[in-house]
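In what follows, a structure is listed as structure tokens, so that the remarks can point back to it.
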Amino acid sequence: MAKVKGDIIIDIEKCKGCELCATACPQDSLELSRKINSKGYHYIVKIEDNCTGCTNCALVCPDGIIKVYRKTEKKKEHVATIQNVTGDITVTVNS
Amino acid sequence: MNEKTMTVEEAQHFEQILREESICTNENLVFEVPDTLTDNTMHYCPGCGHGVAHRIIAEVIDELDIQKDTIGVAPVGCSVLAYNYLNIDMSGAAHGRAAAVATGIKRVLPDKYVFSYQGDGDLAAIGTGETIHTCNRGENILIIFINNGIYGMTGGQMAPTTLVGMKSTTSPFGRDVETMGAPLKITELIAQLPGTYYVTRTAVNSPNNVRKAKAAIKKSFEYQKLNKGLCFVEIVTNCPSNWKMTPLESNKWLEENMLPFYPLGDIKKPSN
């Protein structure tokens with residue numbers, strides 16, 4: 001199975017700490033920070049490194065401050081098989 | 001505290017390592033804020049559904065590439081400053097008269113995409129006449145109706161869409177049907193009119209509902225391009241401040257109380 005890795009960037013200065021994204025996250029990787037931003041709101045931070053880039057947090061964010069990145073690491077493709085049976089080398093290339 | 005000074009070379013090396021490990025590059029970008037949404041911080045309360053509604057409108061406008069050809073009409077209410085956040089041509093309207101102003105704009109400029117963005121106090125109480133007659137005439141516009149069951153901007157008074165038993169500043173003991181009447185389902189009401197083409201009800205409380213709401217708005221703009229007639233999209237949202245709840249509680253309350261009374265789904269589908 002291809003491995004999916006995601007990451008998000010949060011604009012903490014615009015965050016109002018409503019926590020809707022933390023509830024929507026299926027991986028539970030978001031939490032409210034103890035620190036506050038310049039407007040006095042506690043902001044959301046990513047605490048776990050298990051993001052899959054599902055975009056749920058960004059979809060429910062009322063202030064549109066989350067950018068989502070996703071990278072799928074493809075497994076190594078089977079390109080060619082080399083057989084050495086009779087001494088002659090046979091190469092089969094997958095189409 | 002241990003502090004270590006870093007030389008420029010070390011800092012550059014460190015930055016390079018971070019950049020190699022990070023997947024935050026443009027080619028991996030799967031979701032970003034649409035261009036049509038401006039960089040201004042929204043004035044809405046934390047957790048308010050208006051922000052999501054604005055963003056999905058901006059996303060649809062970007063996807064259809066109609067930013068230059070779209071004209072919005074903002075209502076009176078919390079979203080009166082919608083033109084600060086949507087980077088398109090917008091007009092204001094007197095309280096409740098957004099549908100009438102949108103009619104005028106669409107008739108003068110029939111090639112433009114025109115939509116009005118109205119709350120429940122604006123559309124269902126003060127502008128009931130304008131709304132019903134615009135729908136009855138079948139003007140080729142899109143009406144986006146934000147229903148949170150309360151007057152938000154003026155401080156939480158009872159609206160026609162307030163649920164039975166729901167407390168507000170003008171119904172402190174809960175809405176009583178005998179003296180205050182039953183909640184008005186204006187979306188079902190206008191769906192009966194022959195002028196409307198597509199009438200639907202959506203919500204923005206969960207990721208799935210946000211996707212459905214966006215699809216409904218996109219469909220409506222596509223119908224408008226084909227001159228099909230009036231499209232009406234109701235979005236059921238929350239109002240944490242005036243419901244006196246936290247954003248999370250308000251979304252839960254919305255699911256338990258608002259959605260059973262205002263069921264989601266298409267109310268009038270195009271016949272063909």
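Going through the structure tokens in order, the chains are called A, B, and so on, while each chain numbers its residues from 1 and the ligands are numbered from 1 in the order shown.
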Could you please select, counting only C-alpha atoms, the residues of chain A within 6 Å of chain B and state them as a PyMOL selection string? chain A and resi 16+18+56+59-60+62-64+67-71
Requested write-out: N, CA and C atoms of the selected residues, as a tab-separated table (two decimals), in the first residue's frame:
chain	number	residue	atom	x	y	z
A	16	LYS	N	-8.92	31.74	15.69
A	16	LYS	CA	-9.75	32.20	16.80
A	16	LYS	C	-9.99	31.10	17.83
A	18	CYS	N	-11.57	28.10	17.72
A	18	CYS	CA	-12.90	27.52	17.87
A	18	CYS	C	-12.86	26.00	18.02
A	56	ASN	N	-9.88	17.50	6.08
A	56	ASN	CA	-11.08	17.73	6.90
A	56	ASN	C	-10.97	19.02	7.73
A	59	LEU	N	-11.52	22.05	5.62
A	59	LEU	CA	-12.89	22.20	5.13
A	59	LEU	C	-13.80	22.84	6.15
A	60	VAL	N	-13.63	22.52	7.44
A	60	VAL	CA	-14.53	23.08	8.45
A	60	VAL	C	-14.00	24.38	9.05
A	62	PRO	N	-13.64	27.97	9.79
A	62	PRO	CA	-14.42	29.13	9.37
A	62	PRO	C	-13.56	30.29	8.90
A	63	ASP	N	-12.30	30.31	9.29
A	63	ASP	CA	-11.48	31.46	8.94
A	63	ASP	C	-10.53	31.18	7.79
A	64	GLY	N	-10.57	29.98	7.25
A	64	GLY	CA	-9.76	29.65	6.07
A	64	GLY	C	-8.29	29.90	6.28
A	67	LYS	N	-3.60	25.43	5.32
A	67	LYS	CA	-3.13	24.94	4.02
A	67	LYS	C	-2.75	23.49	4.20
A	68	VAL	N	-3.16	22.63	3.28
A	68	VAL	CA	-2.90	21.20	3.45
A	68	VAL	C	-2.00	20.69	2.33
A	69	TYR	N	-1.01	19.89	2.71
A	69	TYR	CA	-0.10	19.26	1.75
A	69	TYR	C	-0.22	17.75	1.90
A	70	ARG	N	-0.11	17.04	0.80
A	70	ARG	CA	-0.17	15.58	0.86
A	70	ARG	C	0.82	14.99	-0.14
A	71	LYS	N	1.56	13.99	0.33
A	71	LYS	CA	2.51	13.33	-0.56
A	71	LYS	C	2.30	11.83	-0.46
In stretch 7-115 of chain B, DSSP strand (DSSP E or B) residues written as a list in words: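 Filtering stretch 7-115 of chain B to strand (DSSP E or B) leaves Leu29, Val30, Phe31, Leu37, Thr70, Ile71, Gly72, Val73, Ala74, Leu86, Asp89, Met90, Ser91, Gly92, Tyr113, Val114 and Phe115 of chain B.
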Just write the chosen residues, N, CA and C atoms, as a short mmCIF file (atom, residue, chain, number, x, y, z; two decimals), in the first residue's frame.
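Output saved as again14.cif:
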data_model
loop_
_atom_site.label_atom_id
_atom_site.label_comp_id
_atom_site.auth_asym_id
_atom_site.auth_seq_id
_atom_site.Cartn_x
_atom_site.Cartn_y
_atom_site.Cartn_z
N LEU B 29 0.68 20.48 -2.65
CA LEU B 29 -0.43 21.27 -2.11
C LEU B 29 -1.77 20.67 -2.54
N VAL B 30 -2.63 20.33 -1.58
CA VAL B 30 -3.94 19.79 -1.94
C VAL B 30 -5.08 20.71 -1.54
N PHE B 31 -4.82 21.62 -0.62
CA PHE B 31 -5.90 22.54 -0.22
C PHE B 31 -5.31 23.87 0.18
N LEU B 37 -11.03 34.85 -2.01
CA LEU B 37 -11.14 35.26 -0.61
C LEU B 37 -9.96 36.19 -0.29
N THR B 70 -18.81 37.96 -11.76
CA THR B 70 -19.75 37.67 -10.68
C THR B 70 -20.07 38.94 -9.91
N ILE B 71 -21.33 39.15 -9.62
CA ILE B 71 -21.76 40.28 -8.79
C ILE B 71 -22.57 39.73 -7.64
N GLY B 72 -22.16 40.08 -6.42
CA GLY B 72 -22.88 39.61 -5.24
C GLY B 72 -23.67 40.74 -4.62
N VAL B 73 -24.73 40.41 -3.92
CA VAL B 73 -25.49 41.41 -3.18
C VAL B 73 -25.45 41.01 -1.71
N ALA B 74 -24.87 41.89 -0.88
CA ALA B 74 -24.75 41.59 0.55
C ALA B 74 -26.01 42.08 1.26
N LEU B 86 -14.85 38.90 0.06
CA LEU B 86 -14.97 38.32 -1.28
C LEU B 86 -14.45 39.35 -2.28
N ASP B 89 -17.15 42.00 -7.47
CA ASP B 89 -18.03 43.17 -7.41
C ASP B 89 -19.19 42.86 -6.49
N MET B 90 -19.47 43.77 -5.57
CA MET B 90 -20.59 43.53 -4.67
C MET B 90 -21.38 44.81 -4.47
N SER B 91 -22.66 44.62 -4.15
CA SER B 91 -23.51 45.76 -3.88
C SER B 91 -24.20 45.53 -2.54
N GLY B 92 -24.51 46.61 -1.86
CA GLY B 92 -25.29 46.48 -0.63
C GLY B 92 -26.77 46.63 -0.97
N TYR B 113 -22.94 36.73 -13.54
CA TYR B 113 -23.48 35.79 -12.56
C TYR B 113 -23.85 36.61 -11.32
N VAL B 114 -25.13 36.56 -10.94
CA VAL B 114 -25.58 37.39 -9.82
C VAL B 114 -26.08 36.48 -8.69
N PHE B 115 -25.61 36.76 -7.48
CA PHE B 115 -26.15 36.02 -6.33
C PHE B 115 -26.40 36.96 -5.19
#
If we count only C-alpha atoms and set the cut-off at 12 Å, which residues sit around B:Glu255, ignoring sequence neighbours fewer than 2 positions away in its own chain? Please answer as a list in words.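 Returned residues: Ala203, Val204, Asn205, Ser206, Asn209, Val236, Thr237, Asn238, Leu248, Glu249, Ser250, Asn251, Lys252, Trp253, Asn257, Met258, Leu259, Pro260, Phe261, Tyr262, Pro263 and Leu264 of chain B.
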Take the residues just selected and output them with N, CA and C atoms as a tab-separated table (two decimals), in the first residue's frame.
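Listed below is the output, out_7.tsv:
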chain	number	residue	atom	x	y	z
B	203	ALA	N	-25.87	22.14	4.90
B	203	ALA	CA	-25.32	22.64	6.17
B	203	ALA	C	-23.80	22.68	6.06
B	204	VAL	N	-23.14	23.34	6.99
B	204	VAL	CA	-21.68	23.41	6.96
B	204	VAL	C	-21.08	22.98	8.30
B	205	ASN	N	-21.74	22.02	8.96
B	205	ASN	CA	-21.25	21.64	10.30
B	205	ASN	C	-20.23	20.52	10.26
B	206	SER	N	-20.12	19.78	9.17
B	206	SER	CA	-19.15	18.69	9.10
B	206	SER	C	-18.48	18.72	7.74
B	209	ASN	N	-20.79	17.66	4.90
B	209	ASN	CA	-21.82	18.62	4.56
B	209	ASN	C	-21.24	19.83	3.83
B	236	VAL	N	-27.89	25.73	6.59
B	236	VAL	CA	-28.20	25.76	8.03
B	236	VAL	C	-26.88	25.92	8.78
B	237	THR	N	-26.77	26.99	9.57
B	237	THR	CA	-25.51	27.22	10.29
B	237	THR	C	-25.79	27.44	11.78
B	238	ASN	N	-24.71	27.66	12.50
B	238	ASN	CA	-24.81	27.88	13.93
B	238	ASN	C	-24.61	29.35	14.25
B	248	LEU	N	-18.24	24.10	19.56
B	248	LEU	CA	-18.47	22.65	19.50
B	248	LEU	C	-19.87	22.29	19.97
B	249	GLU	N	-20.31	22.91	21.07
B	249	GLU	CA	-21.66	22.65	21.58
B	249	GLU	C	-22.71	23.08	20.56
B	250	SER	N	-22.45	24.22	19.92
B	250	SER	CA	-23.45	24.73	18.98
B	250	SER	C	-23.59	23.80	17.78
B	251	ASN	N	-22.48	23.24	17.31
B	251	ASN	CA	-22.58	22.30	16.19
B	251	ASN	C	-23.33	21.04	16.59
B	252	LYS	N	-23.13	20.61	17.84
B	252	LYS	CA	-23.84	19.43	18.33
B	252	LYS	C	-25.34	19.74	18.45
B	253	TRP	N	-25.63	20.92	18.98
B	253	TRP	CA	-27.04	21.33	19.14
B	253	TRP	C	-27.71	21.43	17.77
B	257	ASN	N	-31.02	19.38	17.03
B	257	ASN	CA	-32.28	20.10	17.03
B	257	ASN	C	-32.64	20.76	15.70
B	258	MET	N	-31.68	21.42	15.08
B	258	MET	CA	-31.99	22.13	13.82
B	258	MET	C	-32.22	21.15	12.67
B	259	LEU	N	-31.31	20.18	12.53
B	259	LEU	CA	-31.39	19.31	11.35
B	259	LEU	C	-32.63	18.41	11.31
B	260	PRO	N	-33.15	17.90	12.46
B	260	PRO	CA	-34.41	17.16	12.37
B	260	PRO	C	-35.57	18.02	11.88
B	261	PHE	N	-35.58	19.32	12.25
B	261	PHE	CA	-36.68	20.19	11.81
B	261	PHE	C	-36.43	20.71	10.39
B	262	TYR	N	-35.16	20.98	10.08
B	262	TYR	CA	-34.81	21.44	8.73
B	262	TYR	C	-34.00	20.33	8.05
B	263	PRO	N	-34.66	19.29	7.53
B	263	PRO	CA	-33.90	18.16	6.96
B	263	PRO	C	-33.11	18.56	5.72
B	264	LEU	N	-31.90	18.01	5.61
B	264	LEU	CA	-31.03	18.37	4.48
B	264	LEU	C	-31.46	17.61	3.22
Could you give me, as a PDB file with C-alpha atoms, in the first residue's frame, the residues within 10 Å of A:Gln27, counting only C-alpha atoms and dropping anything in the same chain fewer than 2 positions from it?
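Wrote it out as part37.pdb, contents follow:
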ATOM      1  CA  ALA A  22      -9.581  19.489  16.159  1.00  0.00           C
ATOM      2  CA  THR A  23     -12.965  17.724  16.289  1.00  0.00           C
ATOM      3  CA  ALA A  24     -13.014  17.089  12.550  1.00  0.00           C
ATOM      4  CA  CYS A  25      -9.517  15.571  12.525  1.00  0.00           C
ATOM      5  CA  SER A  29      -3.422  15.449  15.710  1.00  0.00           C
ATOM      6  CA  LEU A  30      -4.610  18.983  16.506  1.00  0.00           C
ATOM      7  CA  GLU A  48       1.166  14.602  16.415  1.00  0.00           C
ATOM      8  CA  ASP A  49       3.108  13.729  13.292  1.00  0.00           C
ATOM      9  CA  ASN A  50       0.428  11.405  11.908  1.00  0.00           C
ATOM     10  CA  CYS A  51      -1.313  13.748   9.468  1.00  0.00           C
ATOM     11  CA  THR A  52      -2.655  12.054   6.336  1.00  0.00           C
ATOM     12  CA  CYS A  54      -7.345  14.401   4.400  1.00  0.00           C
TER      13      CYS A  54
END
Find the residues around B:Thr200 up to 7 Å (only C-alpha atoms counted), leave out those fewer than 3 positions away in its own chain, and share them as a ChimeraX atom specification. /B:232-234,265-268
Please identify all polymer residues within 9 Å of B:Asp176, counting only C-alpha atoms, omitting same-chain residues fewer than 3 positions from it, and present them as number ranges by chain. B: 164-166, 171, 173, 179-182
When you look at B:Leu226 with a cut-off of 12 Å (counting only C-alpha atoms), what residues show up, excluding the ones that are within fewer than 3 positions of it in the same chain? I need them as a ChimeraX atom specification. /B:110-113,140-141,197,219-223,229-231
Taking C-alpha atoms for each residue, export the selection above as a JSON list (two decimals), in the first residue's frame.
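To be explicit, this is the file written out as part-v2.json:
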[["chain", "number", "residue", "atom", "x", "y", "z"],
["B", 110, "PRO", "CA", -27.79, 39.52, -18.07],
["B", 111, "ASP", "CA", -24.36, 38.03, -18.87],
["B", 112, "LYS", "CA", -23.09, 38.37, -15.31],
["B", 113, "TYR", "CA", -23.48, 35.79, -12.56],
["B", 140, "ASN", "CA", -32.27, 34.00, -13.18],
["B", 141, "ILE", "CA", -30.28, 34.54, -9.98],
["B", 197, "TYR", "CA", -35.72, 25.78, -10.69],
["B", 219, "LYS", "CA", -24.52, 23.42, -9.61],
["B", 220, "SER", "CA", -26.56, 26.60, -9.12],
["B", 221, "PHE", "CA", -23.97, 28.77, -10.87],
["B", 222, "GLU", "CA", -23.90, 26.27, -13.74],
["B", 223, "TYR", "CA", -27.71, 26.42, -14.04],
["B", 229, "GLY", "CA", -34.16, 30.06, -13.55],
["B", 230, "LEU", "CA", -33.93, 30.85, -9.89],
["B", 231, "CYS", "CA", -31.77, 28.64, -7.68]]
Could you pull out the residues in stretch 27-203 of chain B that DSSP calls alpha helix (DSSP H) from the backbone, as a PDB file with N, CA and C atoms, in the first residue's frame?
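Once written, out.pdb looks like this:
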ATOM      1  N   GLY B  49     -20.518  29.914  11.137  1.00  0.00           N
ATOM      2  CA  GLY B  49     -20.632  29.259   9.834  1.00  0.00           C
ATOM      3  C   GLY B  49     -20.487  30.187   8.648  1.00  0.00           C
ATOM      4  N   HIS B  50     -20.600  31.508   8.864  1.00  0.00           N
ATOM      5  CA  HIS B  50     -20.462  32.455   7.757  1.00  0.00           C
ATOM      6  C   HIS B  50     -19.120  32.317   7.048  1.00  0.00           C
ATOM      7  N   GLY B  51     -18.063  32.090   7.850  1.00  0.00           N
ATOM      8  CA  GLY B  51     -16.724  31.995   7.264  1.00  0.00           C
ATOM      9  C   GLY B  51     -16.630  30.856   6.267  1.00  0.00           C
ATOM     10  N   VAL B  52     -17.196  29.688   6.635  1.00  0.00           N
ATOM     11  CA  VAL B  52     -17.157  28.535   5.734  1.00  0.00           C
ATOM     12  C   VAL B  52     -17.989  28.837   4.491  1.00  0.00           C
ATOM     13  N   ALA B  53     -19.156  29.458   4.687  1.00  0.00           N
ATOM     14  CA  ALA B  53     -20.021  29.777   3.547  1.00  0.00           C
ATOM     15  C   ALA B  53     -19.305  30.716   2.579  1.00  0.00           C
ATOM     16  N   HIS B  54     -18.628  31.742   3.109  1.00  0.00           N
ATOM     17  CA  HIS B  54     -17.863  32.652   2.249  1.00  0.00           C
ATOM     18  C   HIS B  54     -16.803  31.884   1.475  1.00  0.00           C
ATOM     19  N   ARG B  55     -16.110  30.981   2.200  1.00  0.00           N
ATOM     20  CA  ARG B  55     -14.994  30.293   1.550  1.00  0.00           C
ATOM     21  C   ARG B  55     -15.471  29.384   0.432  1.00  0.00           C
ATOM     22  N   ILE B  56     -16.610  28.673   0.643  1.00  0.00           N
ATOM     23  CA  ILE B  56     -17.036  27.766  -0.426  1.00  0.00           C
ATOM     24  C   ILE B  56     -17.551  28.551  -1.632  1.00  0.00           C
ATOM     25  N   ILE B  57     -18.131  29.730  -1.404  1.00  0.00           N
ATOM     26  CA  ILE B  57     -18.539  30.558  -2.548  1.00  0.00           C
ATOM     27  C   ILE B  57     -17.292  30.966  -3.339  1.00  0.00           C
ATOM     28  N   ALA B  58     -16.252  31.396  -2.599  1.00  0.00           N
ATOM     29  CA  ALA B  58     -15.005  31.809  -3.260  1.00  0.00           C
ATOM     30  C   ALA B  58     -14.369  30.644  -4.020  1.00  0.00           C
ATOM     31  N   GLU B  59     -14.437  29.439  -3.432  1.00  0.00           N
ATOM     32  CA  GLU B  59     -13.866  28.264  -4.103  1.00  0.00           C
ATOM     33  C   GLU B  59     -14.598  27.974  -5.407  1.00  0.00           C
ATOM     34  N   VAL B  60     -15.933  28.069  -5.369  1.00  0.00           N
ATOM     35  CA  VAL B  60     -16.722  27.791  -6.577  1.00  0.00           C
ATOM     36  C   VAL B  60     -16.406  28.824  -7.657  1.00  0.00           C
ATOM     37  N   ILE B  61     -16.318  30.104  -7.246  1.00  0.00           N
ATOM     38  CA  ILE B  61     -16.014  31.164  -8.206  1.00  0.00           C
ATOM     39  C   ILE B  61     -14.648  30.924  -8.843  1.00  0.00           C
ATOM     40  N   ASP B  62     -13.675  30.492  -8.038  1.00  0.00           N
ATOM     41  CA  ASP B  62     -12.344  30.195  -8.572  1.00  0.00           C
ATOM     42  C   ASP B  62     -12.371  29.004  -9.530  1.00  0.00           C
ATOM     43  N   GLU B  63     -13.132  27.954  -9.138  1.00  0.00           N
ATOM     44  CA  GLU B  63     -13.150  26.747  -9.962  1.00  0.00           C
ATOM     45  C   GLU B  63     -13.816  26.998 -11.303  1.00  0.00           C
ATOM     46  N   LEU B  64     -14.862  27.826 -11.305  1.00  0.00           N
ATOM     47  CA  LEU B  64     -15.549  28.119 -12.565  1.00  0.00           C
ATOM     48  C   LEU B  64     -14.872  29.265 -13.324  1.00  0.00           C
ATOM     49  N   ALA B  98     -32.337  42.420  -0.794  1.00  0.00           N
ATOM     50  CA  ALA B  98     -31.226  41.951  -1.623  1.00  0.00           C
ATOM     51  C   ALA B  98     -31.722  41.247  -2.890  1.00  0.00           C
ATOM     52  N   ALA B  99     -32.825  40.482  -2.765  1.00  0.00           N
ATOM     53  CA  ALA B  99     -33.338  39.766  -3.937  1.00  0.00           C
ATOM     54  C   ALA B  99     -33.823  40.750  -4.998  1.00  0.00           C
ATOM     55  N   ALA B 100     -34.429  41.866  -4.558  1.00  0.00           N
ATOM     56  CA  ALA B 100     -34.919  42.863  -5.500  1.00  0.00           C
ATOM     57  C   ALA B 100     -33.751  43.572  -6.192  1.00  0.00           C
ATOM     58  N   VAL B 101     -32.696  43.883  -5.422  1.00  0.00           N
ATOM     59  CA  VAL B 101     -31.517  44.537  -6.004  1.00  0.00           C
ATOM     60  C   VAL B 101     -30.833  43.589  -6.982  1.00  0.00           C
ATOM     61  N   ALA B 102     -30.753  42.306  -6.620  1.00  0.00           N
ATOM     62  CA  ALA B 102     -30.133  41.313  -7.507  1.00  0.00           C
ATOM     63  C   ALA B 102     -30.929  41.185  -8.803  1.00  0.00           C
ATOM     64  N   THR B 103     -32.264  41.281  -8.709  1.00  0.00           N
ATOM     65  CA  THR B 103     -33.111  41.251  -9.907  1.00  0.00           C
ATOM     66  C   THR B 103     -32.727  42.367 -10.861  1.00  0.00           C
ATOM     67  N   GLY B 104     -32.587  43.578 -10.283  1.00  0.00           N
ATOM     68  CA  GLY B 104     -32.237  44.736 -11.109  1.00  0.00           C
ATOM     69  C   GLY B 104     -30.891  44.553 -11.780  1.00  0.00           C
ATOM     70  N   ILE B 105     -29.899  44.095 -11.019  1.00  0.00           N
ATOM     71  CA  ILE B 105     -28.552  43.915 -11.568  1.00  0.00           C
ATOM     72  C   ILE B 105     -28.581  42.881 -12.691  1.00  0.00           C
ATOM     73  N   LYS B 106     -29.287  41.772 -12.474  1.00  0.00           N
ATOM     74  CA  LYS B 106     -29.320  40.697 -13.478  1.00  0.00           C
ATOM     75  C   LYS B 106     -30.034  41.160 -14.749  1.00  0.00           C
ATOM     76  N   ARG B 107     -31.073  41.987 -14.606  1.00  0.00           N
ATOM     77  CA  ARG B 107     -31.803  42.431 -15.800  1.00  0.00           C
ATOM     78  C   ARG B 107     -30.987  43.413 -16.624  1.00  0.00           C
ATOM     79  N   VAL B 108     -30.182  44.251 -15.940  1.00  0.00           N
ATOM     80  CA  VAL B 108     -29.353  45.215 -16.677  1.00  0.00           C
ATOM     81  C   VAL B 108     -28.135  44.518 -17.277  1.00  0.00           C
ATOM     82  N   ASP B 120     -31.433  34.754   7.866  1.00  0.00           N
ATOM     83  CA  ASP B 120     -32.853  34.422   8.035  1.00  0.00           C
ATOM     84  C   ASP B 120     -33.691  35.632   8.435  1.00  0.00           C
ATOM     85  N   THR B 128     -39.572  39.175   3.275  1.00  0.00           N
ATOM     86  CA  THR B 128     -40.390  38.042   2.803  1.00  0.00           C
ATOM     87  C   THR B 128     -41.046  38.354   1.461  1.00  0.00           C
ATOM     88  N   GLY B 129     -41.624  39.574   1.350  1.00  0.00           N
ATOM     89  CA  GLY B 129     -42.329  39.937   0.120  1.00  0.00           C
ATOM     90  C   GLY B 129     -41.409  39.908  -1.074  1.00  0.00           C
ATOM     91  N   GLU B 130     -40.238  40.568  -0.947  1.00  0.00           N
ATOM     92  CA  GLU B 130     -39.281  40.626  -2.055  1.00  0.00           C
ATOM     93  C   GLU B 130     -38.827  39.221  -2.452  1.00  0.00           C
ATOM     94  N   THR B 131     -38.549  38.395  -1.422  1.00  0.00           N
ATOM     95  CA  THR B 131     -38.042  37.039  -1.694  1.00  0.00           C
ATOM     96  C   THR B 131     -39.080  36.226  -2.460  1.00  0.00           C
ATOM     97  N   ILE B 132     -40.323  36.230  -1.950  1.00  0.00           N
ATOM     98  CA  ILE B 132     -41.353  35.383  -2.563  1.00  0.00           C
ATOM     99  C   ILE B 132     -41.651  35.855  -3.992  1.00  0.00           C
ATOM    100  N   HIS B 133     -41.721  37.168  -4.192  1.00  0.00           N
ATOM    101  CA  HIS B 133     -42.049  37.637  -5.543  1.00  0.00           C
ATOM    102  C   HIS B 133     -40.892  37.432  -6.511  1.00  0.00           C
ATOM    103  N   THR B 134     -39.642  37.568  -6.016  1.00  0.00           N
ATOM    104  CA  THR B 134     -38.491  37.282  -6.893  1.00  0.00           C
ATOM    105  C   THR B 134     -38.514  35.818  -7.304  1.00  0.00           C
ATOM    106  N   CYS B 135     -38.808  34.937  -6.350  1.00  0.00           N
ATOM    107  CA  CYS B 135     -38.867  33.500  -6.657  1.00  0.00           C
ATOM    108  C   CYS B 135     -40.029  33.204  -7.595  1.00  0.00           C
ATOM    109  N   ASN B 136     -41.141  33.885  -7.392  1.00  0.00           N
ATOM    110  CA  ASN B 136     -42.314  33.642  -8.228  1.00  0.00           C
ATOM    111  C   ASN B 136     -42.089  34.105  -9.668  1.00  0.00           C
ATOM    112  N   ARG B 137     -41.330  35.209  -9.820  1.00  0.00           N
ATOM    113  CA  ARG B 137     -41.035  35.693 -11.176  1.00  0.00           C
ATOM    114  C   ARG B 137     -39.998  34.808 -11.865  1.00  0.00           C
ATOM    115  N   VAL B 177     -45.756  28.577  20.519  1.00  0.00           N
ATOM    116  CA  VAL B 177     -46.482  28.548  19.242  1.00  0.00           C
ATOM    117  C   VAL B 177     -47.768  29.367  19.303  1.00  0.00           C
ATOM    118  N   GLU B 178     -48.434  29.369  20.459  1.00  0.00           N
ATOM    119  CA  GLU B 178     -49.730  30.057  20.541  1.00  0.00           C
ATOM    120  C   GLU B 178     -49.599  31.551  20.352  1.00  0.00           C
ATOM    121  N   THR B 179     -48.576  32.144  20.948  1.00  0.00           N
ATOM    122  CA  THR B 179     -48.464  33.600  20.843  1.00  0.00           C
ATOM    123  C   THR B 179     -47.497  34.040  19.743  1.00  0.00           C
ATOM    124  N   MET B 180     -46.523  33.212  19.393  1.00  0.00           N
ATOM    125  CA  MET B 180     -45.481  33.659  18.459  1.00  0.00           C
ATOM    126  C   MET B 180     -45.530  32.928  17.122  1.00  0.00           C
ATOM    127  N   ILE B 186     -39.323  28.639   5.057  1.00  0.00           N
ATOM    128  CA  ILE B 186     -39.486  29.419   3.830  1.00  0.00           C
ATOM    129  C   ILE B 186     -38.946  28.677   2.619  1.00  0.00           C
ATOM    130  N   THR B 187     -37.996  27.762   2.837  1.00  0.00           N
ATOM    131  CA  THR B 187     -37.428  27.036   1.701  1.00  0.00           C
ATOM    132  C   THR B 187     -38.480  26.111   1.072  1.00  0.00           C
ATOM    133  N   GLU B 188     -39.258  25.416   1.939  1.00  0.00           N
ATOM    134  CA  GLU B 188     -40.334  24.573   1.425  1.00  0.00           C
ATOM    135  C   GLU B 188     -41.411  25.439   0.749  1.00  0.00           C
ATOM    136  N   LEU B 189     -41.626  26.627   1.340  1.00  0.00           N
ATOM    137  CA  LEU B 189     -42.659  27.537   0.815  1.00  0.00           C
ATOM    138  C   LEU B 189     -42.335  27.961  -0.612  1.00  0.00           C
ATOM    139  N   ILE B 190     -41.115  28.416  -0.834  1.00  0.00           N
ATOM    140  CA  ILE B 190     -40.806  28.921  -2.173  1.00  0.00           C
ATOM    141  C   ILE B 190     -40.577  27.783  -3.169  1.00  0.00           C
ATOM    142  N   ALA B 191     -40.354  26.553  -2.660  1.00  0.00           N
ATOM    143  CA  ALA B 191     -40.174  25.421  -3.578  1.00  0.00           C
ATOM    144  C   ALA B 191     -41.462  25.131  -4.341  1.00  0.00           C
TER     145      ALA B 191
END
As an exercise, work out the distance from atom CA of B:Gln118 to atom CA of B:Gly195 in Å and give it to one decimal place.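 Atom-to-atom, atom CA of B:Gln118 to atom CA of B:Gly195, that is 19.3 Å.
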